[in-house]
Amino acid sequence: MYLFSAYMMPIKLILVTIGGFLLASHDHPHHDEPRVWYAKLFDISFFILAGIQFIVLAIISALYLVVGTQADDYRQQGNISVYTSDVGAFGKATHYFSYQCTDKNGFYTLTPIATLDWLGSFTFSEKANTLIIKHDDHSGKGEQIKPIDISGFGCNVLSFKR
């Protein structure tokens with residue numbers, strides 16, 4: 001859904017722009033008639049609010065075009081979710097491994113498993129209550145394996161009731 005929302009942002013901006021132009025160019029037949037002060041205040045407030053919405057949406061759309069989305073920084077396999085921060089930055093990249101439990105409504109909770117420094121290219125799988133991370137950080141050591149015990153992690157249906 002996040003990626004879908006990111007791709008819809010330019011379309012939202014175009015539709016808001018078209019709506020603003022249509023609203024501003026609409027010919028009001030009662031334009032020449034005298035109006036009460038609160039009707040004029042409502043119109044001015046409405047146009048100011050629409051202008052603020054347009055400016056905010058334009059800034060967010062420009063940021064999506066310049067920065068892009070973060071969808072590539074997230075990976076999920078089964079109940080294991082990985083977020084990689086600072087990818088391609090000058091700082092040190094970090095991988096956050098979490099156990100994800102989703103309820104029947106689609107809401108989820110993340111329970112942290114491990115925080116690891118940059119692993120390079122990696123794959124991960126879950127076997128017999130063990131998270132197995134195969135990675136190659138291109139330091140000349142070749143492929144390495146990191147096993148992490150996840151036997152204390154699981155999804156409890158009762159924890160999602162409110």
# chains A, B, ... in the order shown; residues from 1 in each chain; ligands from 1
call {"tool": "residues_around", "arguments": {"residues": "region 47-53 of chain A", "least_positions_apart": "4", "cutoff": "12 Å", "atoms": "only C-alpha atoms", "output": "list in words"}}
result
Lys12, Leu13, Val16, Thr17, Gly19, Gly20, Phe21, Leu23, Ala24, Lys40, Leu41, Phe42, Asp43, Leu57, Ala58, Ile59 and Ile60 of chain A
call {"tool": "select_by_dssp", "arguments": {"residues": "region 11-148 of chain A", "states": "alpha helix (DSSP H)", "output": "PyMOL selection string"}}
result
chain A and resi 11-25+37-67
call {"tool": "select_by_dssp", "arguments": {"residues": "region 35-115 of chain A", "states": "strand (DSSP E or B)", "output": "PyMOL selection string"}}
result
chain A and resi 74-77+80-85+94-102+108-115
call {"tool": "closest_atom_pairs", "arguments": {"of": "region 34-82 of chain A", "to": "region 122-142 of chain A", "cutoff": "10 Å", "atoms": "only C-alpha atoms", "output": "JSON lines"}}
result
{"residue": "A:Arg75", "atom": "CA", "partner": "A:Phe124", "partner_atom": "CA", "distance": 9.9}
{"residue": "A:Gln76", "atom": "CA", "partner": "A:Phe124", "partner_atom": "CA", "distance": 9.5}
{"residue": "A:Gln77", "atom": "CA", "partner": "A:Ser125", "partner_atom": "CA", "distance": 7.3}
{"residue": "A:Gly78", "atom": "CA", "partner": "A:Glu126", "partner_atom": "CA", "distance": 8.1}
{"residue": "A:Asn79", "atom": "CA", "partner": "A:Glu126", "partner_atom": "CA", "distance": 8.8}
{"residue": "A:Ile80", "atom": "CA", "partner": "A:Glu126", "partner_atom": "CA", "distance": 7.9}
{"residue": "A:Ser81", "atom": "CA", "partner": "A:Phe124", "partner_atom": "CA", "distance": 10.0}
{"residue": "A:Val82", "atom": "CA", "partner": "A:Phe124", "partner_atom": "CA", "distance": 9.5}
call {"tool": "residues_around", "arguments": {"residues": "region 61-65 of chain A", "least_positions_apart": "5", "cutoff": "10 Å", "atoms": "only C-alpha atoms", "output": "PyMOL selection string"}}
result
chain A and resi 6-13+55-56+70
call {"tool": "write_last_selection", "arguments": {"atoms": "N, CA and C atoms", "output": "CSV table (one decimal), in the first residue's frame"}}
result
chain,number,residue,atom,x,y,z
A,6,ALA,N,2.6,6.1,-3.0
A,6,ALA,CA,3.7,6.9,-3.6
A,6,ALA,C,3.5,7.1,-5.0
A,7,TYR,N,3.0,6.1,-5.7
A,7,TYR,CA,2.8,6.2,-7.2
A,7,TYR,C,1.6,7.1,-7.5
A,8,MET,N,0.6,7.1,-6.5
A,8,MET,CA,-0.6,7.9,-6.7
A,8,MET,C,-0.4,9.4,-6.4
A,9,MET,N,0.7,9.8,-5.8
A,9,MET,CA,1.0,11.2,-5.4
A,9,MET,C,0.9,12.1,-6.6
A,10,PRO,N,1.6,11.9,-7.7
A,10,PRO,CA,1.5,12.8,-8.8
A,10,PRO,C,0.1,12.9,-9.4
A,11,ILE,N,-0.7,11.8,-9.4
A,11,ILE,CA,-2.0,11.9,-9.8
A,11,ILE,C,-2.9,12.7,-8.9
A,12,LYS,N,-2.7,12.6,-7.6
A,12,LYS,CA,-3.4,13.5,-6.6
A,12,LYS,C,-3.1,14.9,-6.9
A,13,LEU,N,-1.8,15.2,-7.1
A,13,LEU,CA,-1.4,16.6,-7.4
A,13,LEU,C,-2.1,17.2,-8.6
A,55,ILE,N,-0.3,23.7,-1.8
A,55,ILE,CA,1.2,23.9,-1.6
A,55,ILE,C,1.8,22.7,-0.9
A,56,VAL,N,1.1,22.2,0.2
A,56,VAL,CA,1.6,21.0,0.9
A,56,VAL,C,1.7,19.8,0.0
A,70,GLN,N,10.9,4.6,0.1
A,70,GLN,CA,11.8,3.8,0.9
A,70,GLN,C,11.4,2.3,0.8
call {"tool": "closest_residue", "arguments": {"among": "A:Tyr108, A:Phe97, A:Phe54, A:Tyr74", "to": "Ile148 (chain A)", "atoms": "only C-alpha atoms"}}
result
A:Phe97
